[in-house]
$ cat run06.txt   # compact mmCIF, C-alpha atoms and all ligand atoms
# COMPACT_ATOMS: atom_id res chain seq x y z
CA MET A 1 -34.86 38.46 -6.02
CA ARG A 2 -31.78 36.49 -7.00
CA LYS A 3 -28.40 38.04 -6.24
CA PRO A 4 -26.52 38.51 -9.53
CA CYS A 5 -23.16 36.85 -10.06
CA MET A 6 -20.32 37.86 -12.36
CA ALA A 7 -17.50 35.34 -12.68
CA GLY A 8 -14.28 35.81 -14.63
CA ASN A 9 -12.90 32.63 -16.17
CA TRP A 10 -9.26 33.49 -16.79
CA LYS A 11 -8.59 30.09 -18.40
CA MET A 12 -4.87 29.31 -18.96
CA ASN A 13 -3.85 32.96 -18.95
CA ASN A 14 -1.68 35.12 -16.68
CA THR A 15 1.53 34.37 -14.85
CA TRP A 16 1.72 34.75 -11.05
CA ALA A 17 2.76 38.41 -11.41
CA GLU A 18 0.05 39.11 -14.00
CA THR A 19 -2.50 37.43 -11.73
CA VAL A 20 -1.55 39.75 -8.87
CA LEU A 21 -1.78 42.80 -11.12
CA LEU A 22 -5.18 41.87 -12.55
CA ALA A 23 -6.61 40.95 -9.13
CA GLN A 24 -5.31 44.29 -7.79
CA GLY A 25 -6.82 46.16 -10.73
CA ILE A 26 -10.22 44.63 -10.02
CA SER A 27 -9.91 44.99 -6.25
CA ASN A 28 -8.94 48.68 -6.59
CA ARG A 29 -12.09 49.30 -8.62
CA SER A 30 -14.40 47.33 -6.32
CA GLU A 31 -17.14 48.98 -4.29
CA GLY A 32 -18.38 48.22 -0.78
CA ARG A 33 -21.91 47.60 -2.06
CA TRP A 34 -20.72 44.51 -3.93
CA GLU A 35 -20.68 42.74 -0.59
CA ASP A 36 -24.47 42.69 -0.41
CA ASP A 37 -25.53 43.22 -4.00
CA ILE A 38 -23.53 40.84 -6.19
CA ASP A 39 -21.22 37.84 -6.06
CA VAL A 40 -18.02 38.68 -7.94
CA VAL A 41 -15.74 35.72 -8.59
CA LEU A 42 -12.24 35.55 -10.12
CA CYS A 43 -11.15 32.17 -11.48
CA PRO A 44 -7.39 32.17 -12.16
CA ALA A 45 -5.33 29.15 -13.19
CA MET A 46 -4.66 26.54 -10.50
CA PRO A 47 -1.08 27.63 -9.53
CA ASN A 48 -2.23 31.25 -9.16
CA LEU A 49 -5.28 30.75 -6.94
CA LYS A 50 -3.36 31.61 -3.80
CA ALA A 51 -1.86 34.73 -5.41
CA ALA A 52 -5.31 36.07 -6.33
CA TYR A 53 -6.75 35.11 -2.93
CA SER A 54 -3.92 36.90 -1.09
CA VAL A 55 -4.62 40.15 -2.96
CA ILE A 56 -8.33 39.98 -2.18
CA GLU A 57 -7.72 39.02 1.44
CA PHE A 58 -5.17 41.80 1.95
CA ASP A 59 -7.57 44.38 0.50
CA ASN A 60 -10.55 42.82 2.28
CA ALA A 61 -12.34 43.25 -1.07
CA PRO A 62 -15.86 41.88 -1.67
CA ILE A 63 -14.56 39.39 -4.23
CA ALA A 64 -14.36 35.59 -4.12
CA ILE A 65 -11.93 33.18 -5.74
CA GLY A 66 -12.97 30.26 -7.92
CA ALA A 67 -11.08 27.36 -9.47
CA GLN A 68 -11.57 26.13 -13.02
CA ASN A 69 -11.51 22.43 -12.21
CA VAL A 70 -11.41 19.90 -9.37
CA HIS A 71 -11.24 16.13 -8.84
CA TRP A 72 -14.08 14.44 -6.99
CA GLU A 73 -11.91 12.10 -4.93
CA ALA A 74 -10.51 13.32 -1.61
CA SER A 75 -6.94 12.20 -2.31
CA GLY A 76 -4.94 9.50 -4.04
CA ALA A 77 -3.13 8.53 -7.21
CA TYR A 78 -4.67 11.05 -9.62
CA THR A 79 -1.66 12.69 -11.21
CA GLY A 80 -2.24 16.29 -12.18
CA GLU A 81 -5.46 16.70 -10.23
CA ALA A 82 -6.45 18.73 -7.13
CA SER A 83 -9.06 17.93 -4.48
CA CYS A 84 -11.79 20.08 -2.94
CA GLU A 85 -9.83 20.28 0.32
CA MET A 86 -6.76 21.59 -1.51
CA LEU A 87 -8.87 24.27 -3.16
CA THR A 88 -10.50 25.28 0.12
CA GLU A 89 -7.08 25.62 1.71
CA VAL A 90 -5.99 28.23 -0.83
CA GLY A 91 -9.15 30.30 -0.41
CA VAL A 92 -11.40 28.91 -3.15
CA SER A 93 -15.16 29.19 -2.61
CA TYR A 94 -16.44 28.59 -6.19
CA CYS A 95 -15.42 26.13 -8.89
CA ILE A 96 -16.29 25.92 -12.57
CA VAL A 97 -17.20 22.40 -13.71
CA GLY A 98 -18.09 21.01 -17.11
CA HIS A 99 -16.77 23.92 -19.13
CA SER A 100 -17.08 23.05 -22.83
CA GLU A 101 -13.30 23.26 -23.21
CA ARG A 102 -12.91 20.60 -20.53
CA ARG A 103 -15.64 18.49 -22.07
CA GLU A 104 -14.06 18.79 -25.53
CA TYR A 105 -10.29 18.70 -24.87
CA PHE A 106 -10.19 16.68 -21.64
CA ALA A 107 -13.08 14.29 -22.22
CA GLU A 108 -15.06 15.49 -19.22
CA THR A 109 -18.38 13.63 -19.28
CA ASP A 110 -21.77 14.41 -17.76
CA GLU A 111 -21.06 11.73 -15.17
CA MET A 112 -17.79 13.38 -14.16
CA VAL A 113 -19.52 16.76 -13.96
CA ASN A 114 -22.07 15.22 -11.60
CA LYS A 115 -19.37 13.70 -9.39
CA LYS A 116 -17.47 16.97 -9.26
CA ALA A 117 -20.61 18.95 -8.40
CA LYS A 118 -21.44 16.52 -5.57
CA ALA A 119 -17.90 16.65 -4.15
CA LEU A 120 -17.86 20.46 -4.28
CA ILE A 121 -21.24 20.77 -2.55
CA GLN A 122 -20.03 18.39 0.14
CA ALA A 123 -16.94 20.57 0.62
CA GLY A 124 -18.94 23.82 0.80
CA ILE A 125 -17.63 25.13 -2.52
CA THR A 126 -20.23 26.53 -4.93
CA PRO A 127 -20.16 24.73 -8.29
CA ILE A 128 -20.62 26.80 -11.45
CA VAL A 129 -21.92 24.09 -13.75
CA CYS A 130 -21.45 24.86 -17.44
CA VAL A 131 -23.81 23.62 -20.12
CA GLY A 132 -24.21 24.58 -23.75
CA GLU A 133 -24.68 23.26 -27.26
CA SER A 134 -22.39 23.16 -30.28
CA LEU A 135 -23.22 24.95 -33.51
CA ALA A 136 -24.25 21.61 -35.07
CA VAL A 137 -26.78 20.96 -32.29
CA ARG A 138 -28.07 24.54 -32.56
CA ASP A 139 -28.53 24.17 -36.31
CA GLU A 140 -30.36 20.86 -35.82
CA GLY A 141 -32.80 22.69 -33.56
CA THR A 142 -32.46 20.24 -30.66
CA TYR A 143 -30.53 22.59 -28.37
CA LEU A 144 -33.18 22.89 -25.65
CA ASP A 145 -33.32 19.12 -25.22
CA PHE A 146 -29.53 18.89 -25.38
CA VAL A 147 -28.96 21.51 -22.68
CA SER A 148 -31.75 20.12 -20.48
CA SER A 149 -30.17 16.67 -20.59
CA GLN A 150 -26.81 18.17 -19.51
CA VAL A 151 -28.58 19.87 -16.59
CA ARG A 152 -30.39 16.66 -15.57
CA ALA A 153 -27.16 14.68 -15.65
CA ALA A 154 -25.19 17.31 -13.71
CA PHE A 155 -27.76 17.50 -10.89
CA ALA A 156 -28.76 13.83 -10.71
CA GLY A 157 -28.94 12.63 -7.11
CA ILE A 158 -28.46 16.08 -5.55
CA GLU A 159 -31.10 17.33 -3.10
CA ALA A 160 -33.10 20.45 -3.95
CA THR A 161 -31.85 22.42 -0.94
CA ARG A 162 -28.28 21.89 -2.12
CA ALA A 163 -28.97 22.27 -5.84
CA GLN A 164 -30.51 25.69 -5.36
CA LYS A 165 -27.23 27.06 -4.02
CA CYS A 166 -25.39 25.99 -7.18
CA ILE A 167 -24.94 28.17 -10.24
CA ILE A 168 -25.51 27.14 -13.84
CA ALA A 169 -23.73 28.88 -16.71
CA TYR A 170 -25.31 28.57 -20.13
CA GLU A 171 -22.48 28.89 -22.63
CA PRO A 172 -23.31 28.10 -26.25
CA ILE A 173 -20.06 26.72 -27.65
CA TRP A 174 -20.47 28.70 -30.87
CA ALA A 175 -20.37 31.93 -28.86
CA ILE A 176 -17.27 31.21 -26.74
CA GLY A 177 -14.25 33.27 -27.71
CA THR A 178 -15.71 33.79 -31.18
CA GLY A 179 -17.02 37.30 -30.78
CA ARG A 180 -20.36 35.89 -31.89
CA THR A 181 -22.58 36.46 -28.85
CA ALA A 182 -25.98 34.85 -28.56
CA THR A 183 -28.67 37.50 -28.89
CA PRO A 184 -30.42 38.35 -25.62
CA GLU A 185 -33.47 36.48 -26.94
CA GLN A 186 -31.49 33.35 -27.80
CA ALA A 187 -29.78 33.37 -24.39
CA GLN A 188 -33.04 34.03 -22.53
CA GLU A 189 -34.82 31.19 -24.36
CA VAL A 190 -32.28 28.63 -23.14
CA CYS A 191 -31.88 30.10 -19.62
CA GLU A 192 -35.67 29.99 -19.23
CA ALA A 193 -35.69 26.35 -20.39
CA ILE A 194 -32.93 25.54 -17.88
CA ARG A 195 -35.00 27.08 -15.09
CA GLY A 196 -37.97 25.04 -16.28
CA CYS A 197 -35.86 21.90 -16.20
CA ILE A 198 -34.74 22.63 -12.62
CA SER A 199 -38.35 23.23 -11.66
CA GLU A 200 -39.32 19.81 -13.08
CA MET A 201 -36.38 18.06 -11.45
CA PHE A 202 -36.85 19.71 -8.06
CA ASP A 203 -39.51 22.37 -7.48
CA THR A 204 -40.31 25.96 -8.35
CA ASN A 205 -38.64 27.31 -5.18
CA CYS A 206 -35.39 25.70 -6.19
CA ALA A 207 -35.73 26.97 -9.77
CA GLU A 208 -36.50 30.50 -8.59
CA ALA A 209 -33.53 30.54 -6.21
CA MET A 210 -30.89 29.19 -8.55
CA ARG A 211 -28.65 31.62 -10.42
CA ILE A 212 -28.27 31.07 -14.17
CA LEU A 213 -25.47 32.92 -15.94
CA TYR A 214 -24.85 33.50 -19.62
CA GLY A 215 -21.36 33.06 -21.05
CA GLY A 216 -19.95 33.48 -24.52
CA SER A 217 -18.36 36.70 -25.76
CA MET A 218 -20.15 38.78 -23.12
CA LYS A 219 -18.51 42.22 -23.07
CA PRO A 220 -19.24 45.85 -22.21
CA GLU A 221 -20.93 46.44 -25.59
CA ASN A 222 -23.52 43.68 -25.19
CA VAL A 223 -23.91 43.13 -21.43
CA ALA A 224 -26.92 45.44 -20.92
CA GLY A 225 -29.25 43.60 -23.29
CA LEU A 226 -28.33 40.19 -21.87
CA ILE A 227 -28.49 41.10 -18.21
CA GLU A 228 -31.94 42.68 -18.43
CA LYS A 229 -33.48 39.34 -19.44
CA PRO A 230 -35.50 37.81 -16.58
CA ASP A 231 -33.72 34.45 -16.46
CA ILE A 232 -30.14 35.73 -16.87
CA ASP A 233 -28.60 36.43 -13.46
CA GLY A 234 -25.10 37.41 -14.52
CA GLY A 235 -22.23 36.19 -16.63
CA LEU A 236 -19.30 33.82 -16.93
CA ILE A 237 -16.73 35.89 -18.73
CA GLY A 238 -13.63 34.78 -20.62
CA GLY A 239 -11.85 37.35 -22.77
CA ALA A 240 -13.41 40.46 -21.21
CA ALA A 241 -12.44 39.25 -17.72
CA LEU A 242 -8.74 39.64 -18.53
CA ASP A 243 -9.00 43.41 -18.41
CA ALA A 244 -9.85 44.95 -15.00
CA GLU A 245 -11.75 47.88 -16.44
CA SER A 246 -13.98 45.86 -18.74
CA PHE A 247 -14.66 43.18 -16.10
CA VAL A 248 -15.65 45.81 -13.55
CA TYR A 249 -17.87 47.43 -16.20
CA LEU A 250 -19.68 44.08 -16.51
CA VAL A 251 -20.06 43.82 -12.73
CA LYS A 252 -21.51 47.33 -12.53
CA ALA A 253 -23.91 46.58 -15.38
CA CYS A 254 -25.58 44.00 -13.12
CA LEU A 255 -26.16 46.62 -10.44
CA GLU A 256 -28.01 49.17 -12.55
P1 LIG B 301 -15.54 34.26 -23.68
O1 LIG B 301 -15.44 32.91 -22.81
O2 LIG B 301 -16.18 35.30 -22.82
O3 LIG B 301 -14.13 34.57 -24.06
O4 LIG B 301 -16.39 33.91 -24.88
C1 LIG B 301 -16.46 32.55 -21.93
C2 LIG B 301 -16.13 31.23 -21.26
O5 LIG B 301 -15.57 30.34 -21.92
O6 LIG B 301 -16.40 31.03 -20.07

$ encode --input "run06.txt" --output "structure tokens" --more "lines below"
Ligand code: PGA
Amino acid sequence: MRKPCMAGNWKMNNTWAETVLLAQGISNRSEGRWEDDIDVVLCPAMPNLKAAYSVIEFDNAPIAIGAQNVHWEASGAYTGEASCEMLTEVGVSYCIVGHSERREYFAETDEMVNKKAKALIQAGITPIVCVGESLAVRDEGTYLDFVSSQVRAAFAGIEATRAQKCIIAYEPIWAIGTGRTATPEQAQEVCEAIRGCISEMFDTNCAEAMRILYGGSMKPENVAGLIEKPDIDGGLIGGAALDAESFVYLVKACLE
């Protein structure tokens, strides 16, 4: 049995004070059983990572902190970037890579996603590797091939024992922030194909161990149908993660 994971991608939202309040709201609603039963991850903006971590650490809450981006080099002249070591120092244990917004607005390529994943693994930070097709690719009908090629590129040159500890988030671009969620069947079809791709690249053990999340307008109203699908192990949540009550609702939905 795979342990579910629910990660909140706060994107470029929340000031320091708002970060503390939201982290407290989630921490206050957390339950001791989360420790064993689910990985709950909050991913605030870079300057607020320490603020969120301090709240969780103070409360000793069963919640981890994730970053939304990283640079693969250890240090150097990379203005605006942060290294794995810097993230580790402020309490980060997960990091989103290859989010479609980074691919689209910041020209993040498959090759960069691969380098970031490798650097994170090396540093002991769990990568949450995002893949997903645009509406145009979906309409063309080539989305399974498209997503599989993103997965192959992201995990190229990584050993199976390390790959299986990573997390993949399937996020169809047409469902992100649009209110238009993929149906459970649409999400399951792609998550199953991703698991198949991992099985081909590595082996069935690796594919069975790896967590695959769905992301894209997941919210309290639609979480149950998505989470019950066999290849969906949790969610990467944008909008609904900005409200403590709704995010905790999503976490609890994974535990039913
Ligand atoms: P959304 O975002 O839940 O607001 O659609 C998900 C994401 O981009 O990770």

$ residues_around --input "run06.txt" --residues "region 10-19 of chain A" --least-positions-apart "4" --cutoff "9 Å" --atoms "all atoms listed in the file" --output "MDAnalysis selection string"
chainID A and resid 23:24 42:49 51:52 68 237:239 241:242

$ closest_atom_pairs --input "run06.txt" --of "region 142-215 of chain A" --to "region 80-101 of chain A" --cutoff "10 Å" --atoms "only C-alpha atoms" --output "tab-separated table"
residue	atom	partner	partner_atom	distance
A:Gln150	CA	A:Gly98	CA	9.5
A:Ala154	CA	A:Gly98	CA	8.7
A:Cys166	CA	A:Tyr94	CA	9.4
A:Ile167	CA	A:Ile96	CA	9.2
A:Ile168	CA	A:Ile96	CA	9.4
A:Ala169	CA	A:His99	CA	8.9
A:Tyr170	CA	A:His99	CA	9.8
A:Glu171	CA	A:Ser100	CA	8.0
A:Pro172	CA	A:Ser100	CA	8.7
A:Ile173	CA	A:Ser100	CA	6.8
A:Ile176	CA	A:Ser100	CA	9.1

$ closest_residue --input "run06.txt" --among "A:Gly124, A:Gly225, A:Gly216, A:Pro4" --to "ligand LIG 301 (chain B)" --atoms "only C-alpha atoms and all ligand atoms"
A:Gly216

$ residues_around --input "run06.txt" --residues "Gln164 (chain A)" --least-positions-apart "5" --cutoff "6 Å" --atoms "only C-alpha atoms" --output "list of chain:residue names"
A:Cys206, A:Ala209, A:Met210

$ closest_residue --input "run06.txt" --among "A:Lys165, A:His71, A:Ser217, A:Met6" --to "Val40 (chain A)" --atoms "all atoms listed in the file"
A:Met6

$ residues_around --input "run06.txt" --residues "Thr109 (chain A)" --least-positions-apart "4" --cutoff "10 Å" --atoms "only C-alpha atoms" --output "ChimeraX atom specification"
/A:98,102-104,113-115,150,153-154

$ closest_residue --input "run06.txt" --among "A:Ala119, A:Val151, A:Ala244, A:Ile128" --to "ligand LIG 301 (chain B)" --atoms "only C-alpha atoms and all ligand atoms"
A:Ile128

$ atom_distance --input "run06.txt" --atom1 "CA of Gly157 (chain A)" --atom2 "CA of Ile212 (chain A)"
19.8 Å

$ closest_residue --input "run06.txt" --among "A:Val137, A:Met218, A:Ile158, A:Val251" --to "ligand LIG 301 (chain B)" --atoms "all atoms listed in the file"
A:Met218
